[in-house]
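I have placed the structure first, in the form of structure tokens, so that the comments after it can refer back to it.
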Amino acid sequence: MPHINGYELAPMLRRALAPRSIRVVAITAWGSAKDREMSRACGFDAHLVKPVVMDAMLTTLGTLLQRDLR
């Protein structure tokens with residue numbers, strides 16, 4: 001993104017909207033434990049590493065939807 005990164009955007013979305021009204025998934029080339037922890041700390045619900053495998057994306061989205069149904 002040209003003017004802001006996802007680590008800045010996720011908390012802005014959480015503040016602007018009801019915190020649990022949206023799901024935010026990081027899709028990034030960075031996948032270390034530190035990167036995953038940073039995305040969690042910034043408000044992402046999940047962290048996927050590029051290239052994203054379709055099965056991983058579907059599983060992640062299914063998990064997030066199941067959480068919403070509880």
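Every chain in the structure tokens takes a letter, A first, then B, and so on in the order presented; its residues are numbered from 1, and the ligands are numbered from 1 following the presented order.
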
Taking the chain letters and numbering used in this document, name the residues of region 2-64 of chain A that DSSP puts in helix (DSSP H, G or I), as a PDB file with C-alpha atoms, in the first residue's frame.
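And here's result16.pdb as it stands now:
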ATOM      1  CA  GLY A   6      -1.187  -3.162   7.254  1.00  0.00           C
ATOM      2  CA  TYR A   7       0.284  -2.867  10.737  1.00  0.00           C
ATOM      3  CA  GLU A   8      -0.956   0.734  10.792  1.00  0.00           C
ATOM      4  CA  LEU A   9      -4.251   0.027   9.051  1.00  0.00           C
ATOM      5  CA  ALA A  10      -5.523  -2.841  11.225  1.00  0.00           C
ATOM      6  CA  PRO A  11      -5.679  -0.819  14.476  1.00  0.00           C
ATOM      7  CA  MET A  12      -7.274   2.089  12.610  1.00  0.00           C
ATOM      8  CA  LEU A  13     -10.015  -0.240  11.355  1.00  0.00           C
ATOM      9  CA  ARG A  14     -10.528  -1.630  14.847  1.00  0.00           C
ATOM     10  CA  ARG A  15     -10.879   1.879  16.280  1.00  0.00           C
ATOM     11  CA  ALA A  16     -13.194   3.093  13.501  1.00  0.00           C
ATOM     12  CA  ALA A  33       7.166 -15.938  14.672  1.00  0.00           C
ATOM     13  CA  LYS A  34       7.993 -12.261  15.285  1.00  0.00           C
ATOM     14  CA  ASP A  35       6.003 -11.220  12.189  1.00  0.00           C
ATOM     15  CA  ARG A  36       3.015 -13.298  13.296  1.00  0.00           C
ATOM     16  CA  GLU A  37       3.155 -11.858  16.798  1.00  0.00           C
ATOM     17  CA  MET A  38       3.320  -8.320  15.403  1.00  0.00           C
ATOM     18  CA  SER A  39       0.254  -8.898  13.231  1.00  0.00           C
ATOM     19  CA  ARG A  40      -1.625 -10.333  16.225  1.00  0.00           C
ATOM     20  CA  ALA A  41      -0.601  -7.362  18.389  1.00  0.00           C
ATOM     21  CA  MET A  54      -6.149 -21.848  -1.285  1.00  0.00           C
ATOM     22  CA  ASP A  55      -6.772 -24.609   1.267  1.00  0.00           C
ATOM     23  CA  ALA A  56      -5.048 -22.537   3.959  1.00  0.00           C
ATOM     24  CA  MET A  57      -7.146 -19.499   3.085  1.00  0.00           C
ATOM     25  CA  LEU A  58     -10.394 -21.460   3.120  1.00  0.00           C
ATOM     26  CA  THR A  59      -9.489 -23.085   6.437  1.00  0.00           C
ATOM     27  CA  THR A  60      -8.601 -19.717   7.959  1.00  0.00           C
ATOM     28  CA  LEU A  61     -11.817 -18.101   6.760  1.00  0.00           C
ATOM     29  CA  GLY A  62     -13.848 -21.081   7.982  1.00  0.00           C
ATOM     30  CA  THR A  63     -12.234 -20.828  11.417  1.00  0.00           C
ATOM     31  CA  LEU A  64     -13.006 -17.113  11.617  1.00  0.00           C
TER      32      LEU A  64
END

Mind listing the strand (DSSP E or B) residues of chain A, per DSSP on the backbone, as JSON, numbers by chain? {"A": [25, 26, 27, 28, 46, 47, 48, 49]}

Would you list the contacts of region 49-53 of chain A as a list in words, taking every protein, DNA or RNA residue within 6 Å and counting only C-alpha atoms, but skipping same-chain residues closer than 5 positions in sequence? Ile27, Thr28, Ala29 and Gly31 of chain A

Store the residues picked out above in a file with C-alpha atoms, as a CSV table (one decimal), in the first residue's frame.
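Listed below is the output, part-v5.csv:
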chain,number,residue,atom,x,y,z
A,27,ILE,CA,-1.5,-11.6,3.7
A,28,THR,CA,2.3,-11.0,3.6
A,29,ALA,CA,5.6,-12.3,2.5
A,31,GLY,CA,6.1,-15.3,8.2

Have a look at A:Leu48, A:Leu65, A:Cys42, A:Leu17 and name the one nearest to Asn5 (chain A); count only C-alpha atoms.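 Closest candidate: A:Cys42.
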
Nearby residues (only C-alpha atoms) at most 8 Å from Arg23 (chain A), same-chain spacing under 2 positions excluded, as a list in words: Arg20, Ser21, Val25, Phe44, Asp45 and Leu64 of chain A

Take the residues from that selection and put them in a file with C-alpha atoms, as a PDB file, in the first residue's frame.
ATOM      1  CA  ARG A  20     -15.250  -7.494  16.422  1.00  0.00           C
ATOM      2  CA  SER A  21     -17.488  -6.367  13.542  1.00  0.00           C
ATOM      3  CA  VAL A  25      -6.350 -11.176   7.742  1.00  0.00           C
ATOM      4  CA  PHE A  44      -5.166  -9.026  12.741  1.00  0.00           C
ATOM      5  CA  ASP A  45      -7.362 -12.077  13.235  1.00  0.00           C
ATOM      6  CA  LEU A  64     -13.006 -17.113  11.617  1.00  0.00           C
TER       7      LEU A  64
END

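Between Ala46 (chain A) and the residues A:Val24, A:Pro2, A:Trp30, A:Arg67, the shortest atom-to-atom distance, using only C-alpha atoms, involves A:Val24.
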